[in-house]
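Structure file structure.txt; described as compact mmCIF, C-alpha atoms.
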```txt
# COMPACT_ATOMS: atom_id res chain seq x y z
CA MET M 1 81.01 131.78 -155.92
CA ALA M 2 77.49 131.55 -154.51
CA GLN M 3 75.33 134.45 -153.39
CA ILE M 4 73.06 132.66 -150.96
CA LEU M 5 73.67 129.94 -148.39
CA ILE M 6 70.63 127.87 -147.38
CA VAL M 7 71.11 126.10 -144.04
CA ASP M 8 68.46 123.51 -143.14
CA ASP M 9 68.62 119.93 -141.91
CA SER M 10 65.58 119.05 -144.06
CA SER M 11 66.55 118.03 -147.57
CA THR M 12 62.95 118.74 -148.60
CA VAL M 13 63.36 122.38 -147.58
CA ARG M 14 66.88 122.67 -149.00
CA ASP M 15 65.70 121.33 -152.37
CA GLU M 16 62.53 123.43 -152.43
CA VAL M 17 64.19 126.72 -151.49
CA SER M 18 67.36 126.32 -153.53
CA THR M 19 65.46 125.20 -156.64
CA PHE M 20 63.14 128.19 -156.36
CA LEU M 21 65.97 130.67 -155.90
CA LYS M 22 68.08 129.14 -158.68
CA ASN M 23 65.10 129.39 -161.01
CA GLY M 24 64.90 133.03 -159.96
CA GLY M 25 68.44 133.60 -161.19
CA LEU M 26 70.33 133.38 -157.91
CA ASP M 27 73.41 131.29 -157.10
CA VAL M 28 72.81 129.05 -154.12
CA ILE M 29 74.71 126.56 -152.03
CA THR M 30 73.33 124.55 -149.11
CA ALA M 31 74.43 123.30 -145.70
CA VAL M 32 72.83 120.63 -143.51
CA ASP M 33 73.25 122.21 -140.07
CA GLY M 34 74.83 125.14 -138.24
CA LYS M 35 78.30 123.63 -138.14
CA ASP M 36 78.23 122.86 -141.84
CA GLY M 37 76.86 126.35 -142.46
CA LEU M 38 79.81 128.00 -140.73
CA VAL M 39 82.26 125.93 -142.79
CA LYS M 40 80.50 126.76 -146.06
CA LEU M 41 80.31 130.46 -145.20
CA LYS M 42 84.00 130.61 -144.31
CA GLY M 43 84.87 128.89 -147.57
CA ASP M 44 82.92 131.21 -149.86
CA PRO M 45 83.51 134.95 -149.51
CA GLY M 46 80.90 135.65 -152.20
CA ILE M 47 77.97 134.77 -149.95
CA LYS M 48 75.84 137.82 -149.26
CA LEU M 49 72.81 136.18 -147.66
CA VAL M 50 72.35 133.26 -145.27
CA VAL M 51 68.85 131.76 -145.00
CA CYS M 52 68.85 129.57 -141.96
CA ASP M 53 66.58 127.22 -140.01
CA VAL M 54 66.53 127.37 -136.18
CA ASN M 55 66.02 123.78 -135.04
CA MET M 56 68.87 121.70 -136.42
CA PRO M 57 71.14 118.96 -135.10
CA ASN M 58 74.80 119.57 -134.14
CA MET M 59 74.41 123.35 -134.08
CA ASP M 60 71.12 125.27 -134.08
CA GLY M 61 70.53 128.24 -136.32
CA LEU M 62 70.58 130.94 -133.66
CA THR M 63 73.90 129.71 -132.32
CA MET M 64 75.21 129.70 -135.87
CA VAL M 65 74.26 133.33 -136.57
CA GLU M 66 75.73 134.39 -133.22
CA LYS M 67 78.99 132.72 -134.24
CA ILE M 68 78.90 134.37 -137.66
CA ARG M 69 78.82 137.80 -136.03
CA GLY M 70 81.06 136.81 -133.11
CA GLU M 71 83.72 134.18 -133.85
CA LEU M 72 83.80 134.78 -137.59
CA GLY M 73 83.61 138.53 -137.18
CA ASN M 74 81.44 138.71 -140.30
CA LYS M 75 79.37 141.87 -139.81
CA THR M 76 78.15 142.25 -143.38
CA VAL M 77 76.46 139.06 -144.49
CA ASN M 78 72.66 139.32 -144.36
CA LEU M 79 70.95 136.82 -142.09
CA ILE M 80 67.36 135.61 -142.53
CA MET M 81 65.78 132.89 -140.39
CA LEU M 82 63.40 130.43 -142.10
CA THR M 83 61.81 128.38 -139.36
CA THR M 84 58.65 126.97 -137.81
CA GLU M 85 59.45 129.01 -134.69
CA SER M 86 57.64 132.29 -134.13
CA SER M 87 58.16 132.98 -130.45
CA PRO M 88 59.03 136.58 -129.51
CA ASN M 89 61.94 135.36 -127.36
CA MET M 90 63.54 133.57 -130.30
CA LYS M 91 63.07 136.59 -132.52
CA GLU M 92 64.64 138.85 -129.90
CA ARG M 93 67.63 136.54 -129.68
CA GLY M 94 67.88 136.60 -133.46
CA LYS M 95 67.67 140.40 -133.58
CA ALA M 96 70.36 140.68 -130.93
CA ALA M 97 72.59 138.50 -133.09
CA GLY M 98 72.06 140.73 -136.09
CA VAL M 99 69.38 138.77 -137.92
CA LYS M 100 67.72 140.96 -140.53
CA GLY M 101 64.45 139.09 -141.05
CA TRP M 102 62.28 136.19 -140.00
CA ILE M 103 60.14 133.87 -142.12
CA VAL M 104 57.76 131.36 -140.55
CA LYS M 105 57.61 128.17 -142.63
CA PRO M 106 56.30 127.07 -145.02
CA PHE M 107 58.44 128.93 -147.55
CA LYS M 108 56.50 130.99 -150.09
CA GLY M 109 59.19 132.03 -152.49
CA ALA M 110 57.30 134.51 -154.62
CA SER M 111 56.78 136.86 -151.70
CA VAL M 112 60.49 137.10 -150.86
CA LEU M 113 62.35 136.74 -154.14
CA GLU M 114 62.71 140.44 -154.85
CA THR M 115 63.87 141.17 -151.30
CA PHE M 116 66.44 138.39 -151.52
CA LYS M 117 67.72 139.83 -154.81
CA LYS M 118 68.18 143.24 -153.17
CA LEU M 119 70.01 141.68 -150.23
CA VAL M 120 72.57 139.98 -152.48
CA ALA M 121 72.99 142.94 -154.88
CA MET J 122 34.36 118.62 -137.20
CA ASN J 123 32.79 116.56 -134.42
CA ASP J 124 34.16 118.02 -131.18
CA GLU J 125 34.04 114.74 -129.26
CA PRO J 126 36.56 112.03 -130.05
CA VAL J 127 35.18 108.56 -130.64
CA SER J 128 36.69 105.15 -129.97
CA LYS J 129 36.43 101.85 -131.81
CA LEU J 130 35.31 98.87 -129.75
CA LEU J 131 35.45 95.26 -130.82
CA VAL J 132 32.10 93.78 -129.78
CA LEU J 133 32.32 90.09 -128.89
CA ASP J 134 28.82 89.65 -127.57
CA ASP J 135 26.47 87.51 -129.63
CA GLY J 136 23.45 87.81 -127.40
CA PRO J 137 20.68 88.91 -129.81
CA SER J 138 18.74 90.57 -127.02
CA HIS J 139 21.75 92.75 -126.24
CA ALA J 140 22.92 93.59 -129.73
CA ARG J 141 20.48 96.49 -130.17
CA ARG J 142 21.13 97.78 -126.67
CA ILE J 143 24.89 97.75 -127.23
CA LYS J 144 24.47 99.46 -130.60
CA GLN J 145 22.33 102.16 -129.00
CA PHE J 146 24.78 102.55 -126.14
CA CYS J 147 27.66 102.97 -128.59
CA ASP J 148 25.72 105.52 -130.65
CA GLU J 149 25.00 107.56 -127.53
CA ASN J 150 28.51 107.38 -126.13
CA HIS J 151 30.83 108.17 -129.04
CA LEU J 152 31.76 104.55 -129.57
CA VAL J 153 32.10 102.76 -132.89
CA PRO J 154 31.16 99.09 -132.49
CA LEU J 155 32.90 96.54 -134.69
CA LYS J 156 31.11 93.20 -134.84
CA VAL J 157 33.24 90.15 -135.48
CA ARG J 158 32.29 86.68 -136.59
CA LYS J 159 33.18 83.96 -134.16
CA GLY J 160 36.36 82.27 -135.19
CA SER J 161 37.83 85.33 -136.83
CA VAL J 162 38.57 87.30 -133.67
CA MET J 163 42.31 86.81 -133.78
CA SER J 164 42.56 87.64 -137.48
CA VAL J 165 40.53 90.82 -136.91
CA LEU J 166 42.83 91.73 -134.04
CA ARG J 167 45.79 91.25 -136.34
CA THR J 168 44.39 93.66 -138.93
CA ASN J 169 42.94 96.34 -136.64
CA ILE J 170 45.55 98.72 -135.39
CA ASP J 171 43.46 101.41 -133.77
CA LEU J 172 41.07 99.87 -131.29
CA GLY J 173 40.04 101.42 -128.02
CA GLY J 174 38.90 98.27 -126.26
CA ILE J 175 36.72 95.18 -126.33
CA LEU J 176 33.17 94.50 -125.14
CA TYR J 177 32.96 90.85 -124.20
CA SER J 178 30.28 88.55 -122.83
CA GLU J 179 30.50 85.80 -120.24
CA ASN J 180 28.39 83.71 -122.63
CA TYR J 181 30.54 84.35 -125.66
CA GLU J 182 31.51 80.68 -125.92
CA ASP J 183 29.55 77.57 -125.00
CA SER J 184 31.20 77.07 -121.64
CA PRO J 185 32.77 79.33 -119.02
CA GLU J 186 36.09 77.57 -119.57
CA GLU J 187 36.06 78.22 -123.31
CA THR J 188 34.95 81.83 -122.79
CA ALA J 189 37.85 82.27 -120.39
CA ARG J 190 40.28 80.63 -122.84
CA VAL J 191 39.34 83.06 -125.63
CA ALA J 192 39.60 86.06 -123.27
CA LEU J 193 43.06 84.95 -122.20
CA GLU J 194 44.11 84.48 -125.81
CA ILE J 195 42.95 88.00 -126.68
CA HIS J 196 44.59 89.45 -123.59
CA ALA J 197 47.84 87.70 -124.38
CA ALA J 198 47.79 89.04 -127.93
CA ARG J 199 46.81 92.61 -127.01
CA PRO J 200 47.20 93.23 -123.26
CA GLU J 201 46.88 96.99 -123.84
CA LEU J 202 43.24 96.66 -124.91
CA PRO J 203 40.80 96.88 -121.97
CA ILE J 204 38.32 93.99 -122.04
CA ILE J 205 34.97 94.77 -120.42
CA ILE J 206 32.83 91.71 -119.78
CA ARG J 207 29.03 91.65 -119.66
CA ARG J 208 27.75 89.37 -116.96
CA GLU J 209 24.27 88.03 -116.37
CA ARG J 210 23.85 88.69 -112.67
CA GLN J 211 26.57 90.86 -111.13
CA ALA J 212 28.78 93.69 -112.31
CA THR J 213 31.92 92.25 -110.78
CA LEU J 214 34.59 89.78 -111.81
CA ALA J 215 33.80 87.51 -108.87
CA GLY J 216 32.91 83.99 -109.82
CA LEU J 217 34.74 84.01 -113.15
CA PRO J 218 37.46 81.36 -113.55
CA ASP J 219 40.35 82.57 -111.41
CA ALA J 220 42.95 82.17 -114.12
CA SER J 221 41.05 84.47 -116.47
CA GLN J 222 40.13 87.33 -114.15
CA HIS J 223 43.27 89.33 -114.86
CA ALA J 224 42.30 89.47 -118.55
CA TYR J 225 39.34 91.74 -117.79
CA CYS J 226 39.43 95.32 -116.59
CA ALA J 227 35.80 95.53 -115.46
CA ALA J 228 32.36 93.91 -115.62
CA TYR J 229 28.86 95.25 -116.23
CA VAL J 230 25.30 93.98 -116.46
CA ALA J 231 22.91 94.83 -119.28
CA SER J 232 20.30 96.12 -116.85
CA ASP J 233 22.62 98.96 -115.77
CA MET J 234 24.20 100.55 -118.81
CA SER J 235 24.97 103.74 -116.83
CA ALA J 236 27.56 101.70 -114.96
CA LEU J 237 29.06 100.73 -118.31
CA ARG J 238 29.34 104.44 -119.15
CA LYS J 239 31.46 104.91 -116.03
CA VAL J 240 33.64 101.97 -117.00
CA ILE J 241 34.08 103.38 -120.51
CA ASP J 242 35.09 106.75 -119.07
CA GLU J 243 37.54 105.08 -116.72
CA TYR J 244 39.18 102.69 -119.15
CA ILE J 245 38.62 104.06 -122.67
CA PHE J 246 38.15 107.85 -122.46
CA CYS J 247 40.39 108.19 -119.44
CA LEU J 248 42.07 111.40 -120.66
CA MET J 249 40.03 114.49 -121.46
CA TYR J 250 41.09 116.52 -124.50
CA PRO J 251 40.02 120.18 -124.83
CA ASN J 252 37.90 120.85 -127.90
CA ALA J 253 40.16 123.74 -128.87
CA LEU J 254 43.08 121.31 -128.99
CA LEU J 255 41.22 118.80 -131.16
CA ARG J 256 40.07 121.49 -133.57
CA GLY J 257 43.49 123.12 -133.65
CA ILE J 258 45.38 119.92 -134.41
CA ALA J 259 42.96 119.17 -137.23
CA GLU J 260 43.33 122.67 -138.70
CA ILE J 261 47.11 122.69 -138.39
CA THR J 262 47.57 119.25 -139.93
CA GLU J 263 45.13 119.82 -142.77
CA ALA J 264 46.88 123.09 -143.62
CA VAL J 265 50.33 121.47 -143.59
CA LEU J 266 49.19 118.52 -145.71
CA ALA J 267 47.41 120.80 -148.17
CA GLY J 268 50.60 122.86 -148.46
CA GLN J 269 52.84 119.86 -149.00
CA PHE J 270 50.50 118.00 -151.36
CA LYS J 271 49.12 120.69 -153.62
CA GLY J 272 46.20 119.53 -155.72
CA LEU J 273 45.40 116.54 -153.54
CA LYS J 274 42.22 116.15 -151.55
CA VAL J 275 42.88 115.99 -147.81
CA ALA J 276 40.18 114.23 -145.76
CA MET J 277 40.12 113.64 -142.03
CA ASP J 278 38.12 111.19 -139.92
CA THR J 279 36.66 112.16 -136.55
CA PRO J 280 39.52 112.02 -134.03
CA TYR J 281 39.49 108.91 -131.91
CA ILE J 282 40.97 107.33 -128.84
CA VAL J 283 43.24 104.35 -129.30
CA HIS J 284 44.66 101.91 -126.81
CA ASP J 285 46.34 99.79 -129.49
CA ARG J 286 50.07 100.14 -129.84
CA VAL J 287 50.45 98.50 -133.22
CA ILE J 288 52.27 100.58 -135.80
CA PHE J 289 50.55 101.36 -139.11
CA GLY J 290 52.56 101.11 -142.31
CA GLU J 291 56.30 100.88 -142.64
CA LEU J 292 57.55 104.21 -141.41
CA PHE J 293 56.81 106.63 -138.65
CA SER J 294 58.22 109.83 -137.22
CA LEU J 295 58.33 110.94 -133.60
CA ILE J 296 58.80 114.39 -132.13
CA GLN J 297 58.65 115.51 -128.52
CA LEU J 298 55.99 117.90 -127.25
CA GLU J 299 57.08 119.84 -124.17
CA SER J 300 55.01 122.36 -122.26
CA SER J 301 53.74 123.09 -118.78
CA TRP J 302 50.45 121.33 -119.61
CA CYS J 303 51.64 118.40 -121.69
CA ARG J 304 54.70 116.26 -122.20
CA GLY J 305 54.82 113.47 -124.71
CA TYR J 306 55.14 112.77 -128.37
CA MET J 307 53.52 113.31 -131.70
CA MET J 308 53.86 110.33 -134.01
CA LEU J 309 53.06 110.19 -137.72
CA GLN J 310 52.67 106.77 -139.33
CA THR J 311 52.27 105.97 -143.00
CA GLU J 312 52.94 103.48 -145.77
CA GLU J 313 55.86 104.00 -148.09
CA ASP J 314 54.60 103.00 -151.55
CA PRO J 315 51.34 105.01 -151.65
CA LEU J 316 53.19 108.12 -150.49
CA LEU J 317 55.98 107.53 -152.99
CA GLU J 318 53.42 107.31 -155.78
CA LEU J 319 51.82 110.58 -154.74
CA ILE J 320 55.19 112.35 -154.51
CA GLY J 321 56.03 111.37 -158.05
CA ARG J 322 52.61 112.02 -159.57
CA ASP J 323 53.51 115.34 -161.14
CA ALA J 324 57.11 114.60 -161.85
CA PRO J 325 57.57 111.52 -164.04
CA GLN J 326 61.14 112.59 -164.62
CA ASN J 327 61.77 112.31 -160.92
CA LEU J 328 62.93 108.72 -161.20
CA GLY J 329 65.35 109.23 -158.35
CA ALA J 330 62.62 109.30 -155.68
CA THR J 331 63.34 106.60 -153.13
CA PHE J 332 62.38 105.70 -149.61
CA ARG J 333 64.65 108.52 -148.50
CA SER J 334 62.41 110.99 -150.31
CA VAL J 335 59.46 109.70 -148.29
CA ASN J 336 61.50 109.85 -145.08
CA ASP J 337 62.50 113.45 -145.75
CA LEU J 338 58.96 114.47 -146.61
CA LEU J 339 57.53 112.83 -143.49
CA SER J 340 60.21 114.57 -141.45
CA GLU J 341 59.31 117.97 -142.88
CA ILE J 342 55.58 117.40 -142.40
CA THR J 343 56.30 116.46 -138.79
CA ASN J 344 58.43 119.55 -138.34
CA LEU J 345 55.80 121.89 -139.79
CA ILE J 346 52.99 120.44 -137.65
CA TRP J 347 55.19 120.54 -134.57
CA GLY J 348 56.14 124.15 -135.23
CA SER J 349 52.52 125.23 -135.65
CA PHE J 350 51.52 123.27 -132.55
CA LYS J 351 54.24 125.02 -130.55
CA ASN J 352 53.31 128.45 -131.85
CA ARG J 353 49.62 127.89 -131.10
CA TYR J 354 49.72 126.07 -127.79
CA ILE J 355 53.13 126.46 -126.18
CA GLY J 356 54.75 129.77 -127.19
CA ASP J 357 57.48 130.94 -124.84
CA ASP J 358 56.42 128.55 -122.11
CA LYS J 359 59.44 128.44 -119.80
CA ALA J 360 58.45 125.03 -118.49
CA ALA J 361 58.95 123.65 -121.96
CA ALA J 362 62.69 124.08 -121.74
CA THR J 363 63.30 122.56 -118.34
CA GLY J 364 64.74 119.08 -118.42
CA ARG J 365 62.77 116.55 -116.43
CA ILE J 366 62.19 112.85 -116.28
CA GLN J 367 62.25 110.65 -119.32
CA ILE J 368 61.17 107.07 -119.77
CA PRO J 369 62.37 104.69 -122.46
CA LEU J 370 60.33 103.99 -125.56
CA VAL J 371 60.37 100.46 -126.92
CA VAL J 372 59.90 99.62 -130.60
CA ASN J 373 59.51 95.96 -131.51
CA HIS J 374 60.01 95.70 -135.27
CA LYS J 375 58.99 92.07 -135.46
CA HIS J 376 55.58 92.76 -134.00
CA LYS J 377 55.23 96.33 -135.38
CA TYR J 378 54.67 97.51 -131.84
CA ILE J 379 55.63 100.67 -129.98
CA SER J 380 55.36 101.30 -126.26
CA PHE J 381 55.65 104.69 -124.63
CA GLY J 382 55.85 103.12 -121.21
CA THR J 383 52.35 104.12 -120.18
CA GLU J 384 48.83 102.76 -120.14
CA ASN J 385 47.55 106.14 -121.32
CA PRO J 386 45.48 106.08 -124.49
CA GLN J 387 46.60 107.80 -127.68
CA LEU J 388 44.71 110.59 -129.41
CA CYS J 389 44.54 109.60 -133.06
CA PHE J 390 43.76 111.54 -136.25
CA ARG J 391 43.51 109.70 -139.55
CA PHE J 392 44.06 111.62 -142.78
CA THR J 393 43.59 110.41 -146.33
CA LEU J 394 45.35 112.11 -149.22
CA THR J 395 43.71 111.42 -152.56
CA ASP J 396 44.65 112.28 -156.11
CA GLU J 397 41.16 112.57 -157.54
CA GLY J 398 42.53 112.31 -161.05
CA THR J 399 44.05 108.88 -160.63
CA GLY J 400 42.22 107.67 -157.54
CA ARG J 401 45.52 106.99 -155.80
CA SER J 402 45.52 107.67 -152.09
CA SER J 403 47.72 107.50 -149.04
CA THR J 404 46.77 107.27 -145.38
CA LEU J 405 48.51 109.10 -142.58
CA TYR J 406 47.92 108.40 -138.90
CA GLU J 407 48.77 111.19 -136.50
CA ARG J 408 48.91 110.17 -132.87
CA PHE J 409 49.48 112.19 -129.72
CA ILE J 410 50.83 110.32 -126.73
CA PHE J 411 51.04 112.37 -123.55
CA ASN J 412 53.01 109.83 -121.57
CA LEU J 413 54.98 112.11 -119.26
CA ASN J 414 52.46 114.77 -118.30
CA TRP J 415 48.86 115.53 -119.13
CA SER J 416 47.30 118.50 -117.32
CA PRO J 417 44.43 119.69 -119.52
CA GLU J 418 43.31 122.06 -116.76
CA ASP J 419 46.40 124.14 -117.60
CA PHE J 420 45.83 123.96 -121.35
CA LYS J 421 46.03 127.31 -123.08
CA GLU J 422 45.71 128.51 -126.62
CA ILE J 423 47.83 131.49 -127.55
CA ALA J 424 45.60 134.25 -128.89
CA PRO J 425 45.42 133.88 -132.66
CA ASP J 426 46.13 137.58 -133.19
CA THR J 427 49.47 137.07 -131.44
CA ALA J 428 50.31 133.83 -133.17
CA GLU J 429 49.35 135.17 -136.57
CA LEU J 430 50.91 138.62 -136.42
CA VAL J 431 53.00 137.61 -139.35
CA ASP J 432 51.53 135.24 -141.92
CA SER J 433 53.55 132.11 -142.48
CA GLY J 434 55.80 132.40 -145.49
CA GLU J 435 55.99 136.20 -145.29
CA LEU J 436 59.28 137.92 -144.51
CA GLU J 437 59.20 140.00 -141.34
CA LEU J 438 62.05 142.46 -141.58
CA PHE J 439 63.58 143.73 -138.32
```

Entire entry expressed as structure tokens:
Amino acid sequence: MAQILIVDDSSTVRDEVSTFLKNGGLDVITAVDGKDGLVKLKGDPGIKLVVCDVNMPNMDGLTMVEKIRGELGNKTVNLIMLTTESSPNMKERGKAAGVKGWIVKPFKGASVLETFKKLVA
Amino acid sequence: MNDEPVSKLLVLDDGPSHARRIKQFCDENHLVPLKVRKGSVMSVLRTNIDLGGILYSENYEDSPEETARVALEIHAARPELPIIIRRERQATLAGLPDASQHAYCAAYVASDMSALRKVIDEYIFCLMYPNALLRGIAEITEAVLAGQFKGLKVAMDTPYIVHDRVIFGELFSLIQLESSWCRGYMMLQTEEDPLLELIGRDAPQNLGATFRSVNDLLSEITNLIWGSFKNRYIGDDKAAATGRIQIPLVVNHKHKYISFGTENPQLCFRFTLTDEGTGRSSTLYERFIFNLNWSPEDFKEIAPDTAELVDSGELELF
């Protein structure tokens, strides 16, 4: 069972983030878009944290987190957006969907590792 | 960084009395003249991918007919490049062989270089780019490249205006830019092998790196630049989300040619990534093509203190 689900259409980001977190002692799986993310989350009840991009094909990240809280009824998994977007409107939409935090790319792992560990504890 | 973009002009004018005047004119008007030996014009055209236009002379060849033939050959090869012809007596196209007149966009005489300045503004620098935009794109791109290629030297040329539509290298990315003041594309072009070598420089065990690794990296670089561009210049612009007209793009692989369906010039930035340890380098062309809307009078830069409330990479907890 994994602790963290990384959802990003960029394999560069998936590799970078998951390698960093694995080296930090965390169990990670990845998904390539919002649809894939929902499937992976449904299939692994051990996931405590979803780190998710916004702009993705097939299903964007904000739609995905809205579905996690709505259709899936999952009120407990922690949701963090990792995206190039920083607009207040997007953040408000994320907050309304229950997103816990927002990271503007590029990913700087060292500054978030401890927080991620607390969120999956 | 130089605030004014430049443009490269192919100078096909062998008149010795005019050479110095043209050079001076180019120096004073943000133009980079490229002199070409007679007989090698077409080969130079084949290897130059980022020209702004051509300065030509009605006496370039020995006869008017031969001069017209060469102009038509150039125009046929690169119709997107404006050809401006220097004439001896009148700054018009009248009197030139009829069949060749459509090859030229305008004429000038050496005794009135101020008229040439107007022609250059009309046909080469026909779109005005705010200095804040030029500086911002340079800063954004240099920061993204420095972040993705740690330890490499990132160098940038003065931005320049291009009318060429020839594609550099083997791969390019495209992403739409949508706002109330601009609509178009950002395009990144590069060569595969030099970038592949730089990717693998610190990881000899990474034998699995393939063209897909380069594709993915170029995609992420594009995404990061696009995101920063949006955050700095577009924000929550409502107009950005409204669907409007589109026009087809055409890519001709055989001729390494891309058309955005417009005569508008492209704003080009050229970056060089260098591993100073090995001397290996890779070139990246970044082009902005505002083919659907360009309204620089509505350009706005979102206040940095708003855009940078949270440093990139830091977690903002709600």

Write out as a list of chain:residue names the residues lying within 10 Å of Leu26 in chain M, counting all atoms listed in the file and excluding same-chain residues fewer than 6 positions away. M:Ala2, M:Gln3, M:Ile4, M:Ser18, M:Thr19, M:Phe20, M:Leu113, M:Phe116, M:Lys117, M:Val120

I want to know what sits within 12 Å of Glu66 in chain M, based on all atoms listed in the file, with residues of the same chain fewer than 2 positions away left out; could you give that as a CSV table (one decimal) with C-alpha atoms, in the frame of the given file?
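See selection-v3.csv below for the written result:
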```csv
chain,number,residue,atom,x,y,z
M,34,GLY,CA,74.8,125.1,-138.2
M,38,LEU,CA,79.8,128.0,-140.7
M,54,VAL,CA,66.5,127.4,-136.2
M,59,MET,CA,74.4,123.4,-134.1
M,60,ASP,CA,71.1,125.3,-134.1
M,61,GLY,CA,70.5,128.2,-136.3
M,62,LEU,CA,70.6,130.9,-133.7
M,63,THR,CA,73.9,129.7,-132.3
M,64,MET,CA,75.2,129.7,-135.9
M,68,ILE,CA,78.9,134.4,-137.7
M,69,ARG,CA,78.8,137.8,-136.0
M,70,GLY,CA,81.1,136.8,-133.1
M,71,GLU,CA,83.7,134.2,-133.8
M,72,LEU,CA,83.8,134.8,-137.6
M,73,GLY,CA,83.6,138.5,-137.2
M,74,ASN,CA,81.4,138.7,-140.3
M,75,LYS,CA,79.4,141.9,-139.8
M,79,LEU,CA,71.0,136.8,-142.1
M,93,ARG,CA,67.6,136.5,-129.7
M,94,GLY,CA,67.9,136.6,-133.5
M,95,LYS,CA,67.7,140.4,-133.6
M,96,ALA,CA,70.4,140.7,-130.9
M,97,ALA,CA,72.6,138.5,-133.1
M,98,GLY,CA,72.1,140.7,-136.1
M,99,VAL,CA,69.4,138.8,-137.9
```

Define the interface residues of chain J facing chain M as those within 10 Å, counting all atoms listed in the file, and report them as a VMD selection string. chain J and resid 265 268 to 269 333 to 342 344 to 353 355 to 358 427 to 439

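Minimum atom-to-atom distances from J:Met163, J:Leu255, J:Leu319, J:Leu394 to Ala276 in chain J were compared using only C-alpha atoms, and the lowest value belongs to J:Leu394.
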
Residues at most 10 Å from Arg210 in chain J, counting only C-alpha atoms, excluding those fewer than 5 positions away in the same chain, as an NGL selection string? :J and (229-232)

For C-alpha atoms, I'd like the residues from the last selection saved as a tab-separated table (two decimals), in the coordinates of the input.
```tsv
chain	number	residue	atom	x	y	z
J	229	TYR	CA	28.86	95.25	-116.23
J	230	VAL	CA	25.30	93.98	-116.46
J	231	ALA	CA	22.91	94.83	-119.28
J	232	SER	CA	20.30	96.12	-116.85
```

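Relative to CA of Ile205 in chain J, CA of Val371 in chain J is found at 26.8 Å.
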
Which residue out of M:Lys67, M:Lys42, M:Arg14, M:Lys118 has the minimum interatomic distance to Ile29 in chain M when all atoms listed in the file are used? M:Arg14

Atomic separation - CA of Ser235 in chain J relative to CA of Arg199 in chain J, Å: 26.5 Å

Who sits within 7 Å of Lys156 in chain J, only C-alpha atoms, same chain under 6 positions skipped, as a ChimeraX atom specification: /J:131-133

What are the centre and edge lengths in Å, to one decimal, of the axis-aligned box around all listed atoms of range 236-250 of chain J with 3 Å added on each side, as lines of an AutoDock Vina configuration file?
```
center_x = 34.8
center_y = 108.6
center_z = -119.7
size_x = 20.5
size_y = 21.8
size_z = 15.5
```

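Shortest separation to Pro218 in chain J among J:Ser300, J:Thr279, J:Thr311, J:Thr188 occurs at residue J:Thr188, atoms counted being all atoms listed in the file.
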
Show which residues sit within 10 Å of Ile241 in chain J, as a short mmCIF file (atom, residue, chain, number, x, y, z; two decimals) with C-alpha atoms, in the frame of the given file. Count only C-alpha atoms, and ignore same-chain residues fewer than 2 positions away.
```cif
data_model
loop_
_atom_site.label_atom_id
_atom_site.label_comp_id
_atom_site.auth_asym_id
_atom_site.auth_seq_id
_atom_site.Cartn_x
_atom_site.Cartn_y
_atom_site.Cartn_z
CA SER J 128 36.69 105.15 -129.97
CA ASN J 150 28.51 107.38 -126.13
CA LEU J 152 31.76 104.55 -129.57
CA GLY J 173 40.04 101.42 -128.02
CA GLY J 174 38.90 98.27 -126.26
CA PRO J 203 40.80 96.88 -121.97
CA ILE J 205 34.97 94.77 -120.42
CA ALA J 227 35.80 95.53 -115.46
CA SER J 235 24.97 103.74 -116.83
CA ALA J 236 27.56 101.70 -114.96
CA LEU J 237 29.06 100.73 -118.31
CA ARG J 238 29.34 104.44 -119.15
CA LYS J 239 31.46 104.91 -116.03
CA GLU J 243 37.54 105.08 -116.72
CA TYR J 244 39.18 102.69 -119.15
CA ILE J 245 38.62 104.06 -122.67
CA PHE J 246 38.15 107.85 -122.46
CA CYS J 247 40.39 108.19 -119.44
#
```

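Pairwise distance (CA of Pro154 in chain J, CA of Leu130 in chain J) equals 5.0 Å.
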
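Restricting the calculation to all atoms listed in the file, the smallest distance between Leu266 in chain J and any of J:Glu149, J:Glu318, J:Glu407, J:Glu384 is found for J:Glu407.
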
Polymer residues at most 6 Å from (69.1, 128.2, -143.7) by all atoms listed in the file, as number ranges by chain: M: 6-8, 51-53

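Of the listed residues (J:Phe293, J:Gly305, J:Val283, J:Met277), J:Met277 comes nearest to Ala259 in chain J; the distances count all atoms listed in the file.
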
Let me make sure I understand: among J:Pro417, J:Pro315, J:Gly382, J:Gly321, which one has the smallest atom-to-atom distance to Ser402 in chain J if we use all atoms listed in the file? J:Pro315
